Structure formats: structure tokens, C-alpha cells
>>> print(open('entry_1.json').read())   # JSON, C-alpha atoms
[["chain", "number", "residue", "atom", "x", "y", "z"],
["A", 1, "MET", "CA", 15.71, -21.76, -1.27],
["A", 2, "ASP", "CA", 18.71, -19.60, -2.00],
["A", 3, "ASN", "CA", 17.15, -16.87, -4.08],
["A", 4, "LYS", "CA", 15.31, -13.96, -2.59],
["A", 5, "ILE", "CA", 12.01, -12.73, -4.05],
["A", 6, "ILE", "CA", 11.43, -8.99, -3.92],
["A", 7, "ASP", "CA", 8.03, -7.41, -4.49],
["A", 8, "GLY", "CA", 6.76, -3.83, -4.38],
["A", 9, "MET", "CA", 3.89, -1.59, -5.47],
["A", 10, "LYS", "CA", 5.60, 1.11, -7.51],
["A", 11, "LYS", "CA", 3.42, 0.56, -10.59],
["A", 12, "GLU", "CA", 0.24, 0.74, -8.53],
["A", 13, "GLY", "CA", 1.18, 4.17, -7.17],
["A", 14, "LYS", "CA", 1.17, 5.90, -10.54],
["A", 15, "GLY", "CA", -2.59, 6.45, -10.52],
["A", 16, "PHE", "CA", -2.42, 8.18, -7.16],
["A", 17, "LEU", "CA", 0.40, 10.41, -8.38],
["A", 18, "LYS", "CA", -1.82, 11.45, -11.30],
["A", 19, "LEU", "CA", -4.61, 12.21, -8.81],
["A", 20, "ALA", "CA", -2.26, 14.41, -6.77],
["A", 21, "ILE", "CA", -1.05, 16.29, -9.87],
["A", 22, "PHE", "CA", -4.65, 16.81, -11.01],
["A", 23, "ALA", "CA", -5.55, 18.19, -7.56],
["A", 24, "ILE", "CA", -2.57, 20.58, -7.70],
["A", 25, "ILE", "CA", -3.74, 21.85, -11.09],
["A", 26, "LEU", "CA", -7.28, 22.36, -9.77],
["A", 27, "LEU", "CA", -5.95, 24.22, -6.72],
["A", 28, "ALA", "CA", -3.87, 26.50, -8.95],
["A", 29, "LEU", "CA", -6.83, 27.17, -11.25],
["A", 30, "THR", "CA", -9.00, 27.98, -8.24],
["A", 31, "PHE", "CA", -6.47, 30.60, -7.08],
["A", 32, "VAL", "CA", -6.30, 32.02, -10.63],
["A", 33, "ASP", "CA", -10.10, 32.21, -10.64],
["A", 34, "MET", "CA", -9.97, 34.05, -7.31],
["A", 35, "TYR", "CA", -7.53, 36.59, -8.71],
["A", 36, "VAL", "CA", -9.33, 37.14, -12.04],
["A", 37, "ASN", "CA", -12.84, 37.44, -10.58],
["A", 38, "LYS", "CA", -11.66, 39.31, -7.48],
["A", 39, "LYS", "CA", -13.16, 36.83, -5.04],
["A", 40, "SER", "CA", -12.12, 36.49, -1.41],
["A", 41, "PHE", "CA", -11.99, 33.66, 1.07],
["A", 42, "LYS", "CA", -15.39, 34.74, 2.39],
["A", 43, "ASP", "CA", -17.03, 32.96, -0.54],
["A", 44, "ASP", "CA", -18.32, 29.63, 0.84],
["A", 45, "VAL", "CA", -18.22, 27.79, -2.51],
["A", 46, "LEU", "CA", -14.62, 28.82, -3.06],
["A", 47, "VAL", "CA", -13.51, 27.68, 0.39],
["A", 48, "SER", "CA", -15.27, 24.33, 0.01],
["A", 49, "MET", "CA", -13.60, 23.80, -3.39],
["A", 50, "LEU", "CA", -10.19, 24.54, -1.88],
["A", 51, "ILE", "CA", -10.80, 22.12, 0.99],
["A", 52, "VAL", "CA", -11.94, 19.31, -1.33],
["A", 53, "TYR", "CA", -8.99, 19.78, -3.72],
["A", 54, "THR", "CA", -6.58, 19.86, -0.79],
["A", 55, "LEU", "CA", -8.04, 16.60, 0.57],
["A", 56, "PHE", "CA", -7.66, 14.96, -2.85],
["A", 57, "LEU", "CA", -4.06, 16.19, -2.99],
["A", 58, "LEU", "CA", -3.23, 14.84, 0.47],
["A", 59, "TYR", "CA", -4.91, 11.49, -0.21],
["A", 60, "GLY", "CA", -3.12, 11.09, -3.54],
["A", 61, "LEU", "CA", 0.26, 11.97, -2.03],
["A", 62, "TYR", "CA", -0.24, 9.59, 0.91],
["A", 63, "GLU", "CA", -1.22, 6.64, -1.28],
["A", 64, "TRP", "CA", 1.59, 7.36, -3.75],
["A", 65, "LEU", "CA", 4.21, 7.54, -0.98],
["A", 66, "TYR", "CA", 2.87, 4.36, 0.61],
["A", 67, "ALA", "CA", 3.00, 2.52, -2.73],
["A", 68, "ILE", "CA", 6.56, 3.52, -3.57],
["A", 69, "LYS", "CA", 7.82, 2.70, -0.06],
["A", 70, "TYR", "CA", 6.11, -0.71, 0.22],
["A", 71, "ARG", "CA", 8.57, -3.57, -0.24],
["A", 72, "VAL", "CA", 8.42, -7.26, 0.63],
["A", 73, "GLU", "CA", 11.42, -9.58, 0.49],
["A", 74, "PHE", "CA", 11.25, -13.23, 1.39],
["A", 75, "ASP", "CA", 13.45, -16.26, 1.17],
["A", 76, "GLY", "CA", 13.40, -19.65, 2.87],
["A", 77, "GLU", "CA", 14.04, -18.31, 6.35],
["A", 78, "LYS", "CA", 12.91, -14.70, 6.75],
["A", 79, "VAL", "CA", 10.37, -12.16, 5.53],
["A", 80, "TYR", "CA", 11.32, -8.49, 5.39],
["A", 81, "LEU", "CA", 8.47, -5.99, 5.16],
["A", 82, "LYS", "CA", 9.08, -2.28, 4.73],
["A", 83, "THR", "CA", 6.18, 0.18, 4.60],
["A", 84, "LEU", "CA", 5.89, 3.92, 4.92],
["A", 85, "PHE", "CA", 5.78, 3.78, 8.72],
["A", 86, "LYS", "CA", 7.40, 0.53, 9.83],
["A", 87, "LYS", "CA", 9.98, -2.13, 9.09],
["A", 88, "ILE", "CA", 9.32, -5.72, 10.10],
["A", 89, "GLU", "CA", 11.66, -8.69, 9.97],
["A", 90, "LEU", "CA", 9.97, -12.04, 10.56],
["A", 91, "ASN", "CA", 11.50, -15.43, 11.08],
["A", 92, "LEU", "CA", 9.32, -17.98, 9.32],
["A", 93, "CYS", "CA", 9.94, -20.47, 12.12],
["A", 94, "ASP", "CA", 7.91, -18.15, 14.43],
["A", 95, "VAL", "CA", 4.82, -18.18, 12.18],
["A", 96, "LYS", "CA", 2.12, -20.57, 13.42],
["A", 97, "LYS", "CA", -0.65, -20.22, 10.80],
["A", 98, "TYR", "CA", -1.53, -18.15, 7.77],
["A", 99, "THR", "CA", -4.46, -17.23, 5.56],
["A", 100, "CYS", "CA", -4.42, -16.22, 1.92],
["A", 101, "ASN", "CA", -7.02, -14.16, 0.06],
["A", 102, "ARG", "CA", -7.00, -12.27, -3.21],
["A", 103, "TYR", "CA", -7.25, -8.51, -2.73],
["A", 104, "ARG", "CA", -10.33, -7.43, -4.69],
["A", 105, "LYS", "CA", -9.63, -7.66, -8.43],
["A", 106, "SER", "CA", -5.98, -6.67, -8.23],
["A", 107, "VAL", "CA", -2.94, -8.83, -8.87],
["A", 108, "PHE", "CA", -2.12, -8.88, -5.16],
["A", 109, "TYR", "CA", -2.76, -11.60, -2.62],
["A", 110, "GLN", "CA", -3.01, -10.83, 1.09],
["A", 111, "PHE", "CA", -1.32, -13.18, 3.52],
["A", 112, "ASN", "CA", -2.16, -12.87, 7.20],
["A", 113, "LEU", "CA", 0.69, -14.41, 9.17],
["A", 114, "PHE", "CA", -0.15, -15.28, 12.78],
["A", 115, "ILE", "CA", 2.74, -15.06, 15.23],
["A", 116, "ASN", "CA", 1.67, -15.78, 18.82],
["A", 117, "GLU", "CA", -0.87, -13.01, 19.54],
["A", 118, "LYS", "CA", 0.16, -10.85, 16.60],
["A", 119, "LYS", "CA", -1.11, -10.76, 13.01],
["A", 120, "VAL", "CA", 1.05, -9.40, 10.17],
["A", 121, "LEU", "CA", -0.44, -8.55, 6.78],
["A", 122, "ILE", "CA", 1.74, -9.16, 3.73],
["A", 123, "ASN", "CA", 0.66, -8.13, 0.21],
["A", 124, "THR", "CA", 2.42, -9.83, -2.68],
["A", 125, "ARG", "CA", 1.76, -10.84, -6.25],
["A", 126, "TYR", "CA", 3.91, -13.97, -5.85],
["A", 127, "LYS", "CA", 1.27, -16.23, -4.31],
["A", 128, "ASP", "CA", 2.63, -19.60, -5.41],
["A", 129, "GLU", "CA", 6.21, -18.82, -4.43],
["A", 130, "PHE", "CA", 5.23, -17.49, -1.00],
["A", 131, "GLU", "CA", 2.93, -20.44, -0.31],
["A", 132, "LYS", "CA", 5.76, -22.80, -1.29],
["A", 133, "VAL", "CA", 8.06, -21.08, 1.21],
["A", 134, "LEU", "CA", 5.40, -21.33, 3.92],
["A", 135, "LYS", "CA", 4.71, -25.00, 3.19],
["A", 136, "ASP", "CA", 8.44, -25.78, 3.18],
["A", 137, "ASN", "CA", 8.50, -24.42, 6.73],
["A", 138, "LYS", "CA", 5.49, -26.61, 7.67],
["A", 139, "ILE", "CA", 3.17, -23.68, 8.40],
["A", 140, "GLU", "CA", -0.54, -24.53, 8.51],
["A", 141, "GLN", "CA", -3.01, -22.70, 6.29],
["A", 142, "ILE", "CA", -6.36, -21.62, 7.70],
["A", 143, "ILE", "CA", -9.16, -21.90, 5.14],
["A", 144, "LYS", "CA", -12.21, -19.77, 5.79]]
>>> encode(input="entry_1.json", output="C-alpha cells")
Amino acid sequence: MDNKIIDGMKKEGKGFLKLAIFAIILLALTFVDMYVNKKSFKDDVLVSMLIVYTLFLLYGLYEWLYAIKYRVEFDGEKVYLKTLFKKIELNLCDVKKYTCNRYRKSVFYQFNLFINEKKVLINTRYKDEFEKVLKDNKIEQIIK
């Protein structure tokens, strides 16, 4: 197989970016409300609102960054996986077994690749192409 298949999650991150922007707007409106109504940080409801909006902002930013940084490339010999925190390069000849499951109701399939004692999770929407590459390398599928 000469051509390389590249997959990412950029489209899936848009919802989390909208969540982060909505949380920023709510945080700004909370500070405007503090200024207009002359409230201080001693108000328990106000502090809890700020904490919740900040958590939504952080969660949205994390998921958005993870989605735009996630990238899988595979060809007949190697699999390259780049996430927010790590880069992995796998030789398909090292993979012993794999499992394949659909991830909830999304378009993604999760492949667990077993290499000696290690398990690597790969998410891709190209199930048939990836399974063909694995079968071409004579890798056994585990069916649960």
C-alpha cells in the first residue's frame, strides 16, 4: 500500500470551542453583574457561578485542543499517532493482536493494538482501510 491515510478530529472539536466561548461570555457577564450590582467576592452564589463557568471554560479548551491536535497516519508499514501530549510511531510488524469497537454513536472506531505488554488506542473513521492494513500484515483480531 503506497498511499498514506491521514485522519484527525478537527470537525469534532468545534462543539467544544463553542462551549468555551459560551463560558467566556458567561464569565464576562458575571463580572459585569458584579460591577453593576456592587457585589463582592464574599457572595457565595457569585463565587460558585465563577467556579462553574471557569470549569466549563477549561474543559471546553482542553477538549478543543485535544481534538485539533489529534492526528493518525497509517500506511502498510507504520502507524503515526500524534495527540496533545504524546507522539507514537508504531511498526505494524510489532503488533500481535487488535480489537475494534465503534465509539458510542460517533463516526469513529477504536482500535486497541497490543504490542507485547503495551496497549495503544487508535481512533479513526477509516475502519475498513485500517482493518485491511492490519490483515495484510497478518495481525489477529480479538472478538469479544
>>> closest_residue(input="entry_1.json", among="A:Leu29, A:Phe41, A:Lys10, A:Leu65", to="Tyr53 (chain A)", atoms="all atoms listed in the file")
A:Leu29
>>> closest_residue(input="entry_1.json", among="A:Met9, A:Ile143, A:Ile115, A:Ala23", to="Ala67 (chain A)", atoms="all atoms listed in the file")
A:Met9
>>> atom_distance(input="entry_1.json", atom1="CA of Glu63 (chain A)", atom2="CA of Leu121 (chain A)")
17.2 Å
>>> closest_residue(input="entry_1.json", among="A:Leu50, A:Val107, A:Ile6, A:Leu134", to="Leu27 (chain A)", atoms="all atoms listed in the file")
A:Leu50
>>> atom_distance(input="entry_1.json", atom1="CA of Tyr103 (chain A)", atom2="CA of Leu57 (chain A)")
24.9 Å
>>> closest_residue(input="entry_1.json", among="A:Ile25, A:Leu19, A:Leu84, A:Cys93", to="Tyr70 (chain A)", atoms="only C-alpha atoms")
A:Leu84
>>> atom_distance(input="entry_1.json", atom1="CA of Val95 (chain A)", atom2="CA of Arg71 (chain A)")
19.5 Å
>>> residues_around(input="entry_1.json", residues="Glu117 (chain A)", least_positions_apart="3", cutoff="12 Å", atoms="all atoms listed in the file", output="ChimeraX atom specification")
/A:94-97,113-114,120
>>> write_last_selection(input="entry_1.json", atoms="C-alpha atoms", output="JSON list (two decimals), in the coordinates of the input")
[["chain", "number", "residue", "atom", "x", "y", "z"],
["A", 94, "ASP", "CA", 7.91, -18.15, 14.43],
["A", 95, "VAL", "CA", 4.82, -18.18, 12.18],
["A", 96, "LYS", "CA", 2.12, -20.57, 13.42],
["A", 97, "LYS", "CA", -0.65, -20.22, 10.80],
["A", 113, "LEU", "CA", 0.69, -14.41, 9.17],
["A", 114, "PHE", "CA", -0.15, -15.28, 12.78],
["A", 120, "VAL", "CA", 1.05, -9.40, 10.17]]
>>> closest_residue(input="entry_1.json", among="A:Asp33, A:Glu77, A:Asp43, A:Glu12", to="Phe130 (chain A)", atoms="only C-alpha atoms")
A:Glu77
>>> axis_aligned_box(input="entry_1.json", around="region 97-104 of chain A", padding_each_side="3 Å", output="lines of an AutoDock Vina configuration file")
center_x = -5.5
center_y = -13.8
center_z = 3.1
size_x = 15.7
size_y = 18.8
size_z = 21.5
>>> residues_around(input="entry_1.json", residues="Asp128 (chain A)", least_positions_apart="3", cutoff="12 Å", atoms="only C-alpha atoms", output="ChimeraX atom specification")
/A:5,100,108-109,111,124-125,131-135
>>> closest_residue(input="entry_1.json", among="A:Lys118, A:Lys144, A:Lys86, A:Lys69", to="Gly13 (chain A)", atoms="only C-alpha atoms")
A:Lys69
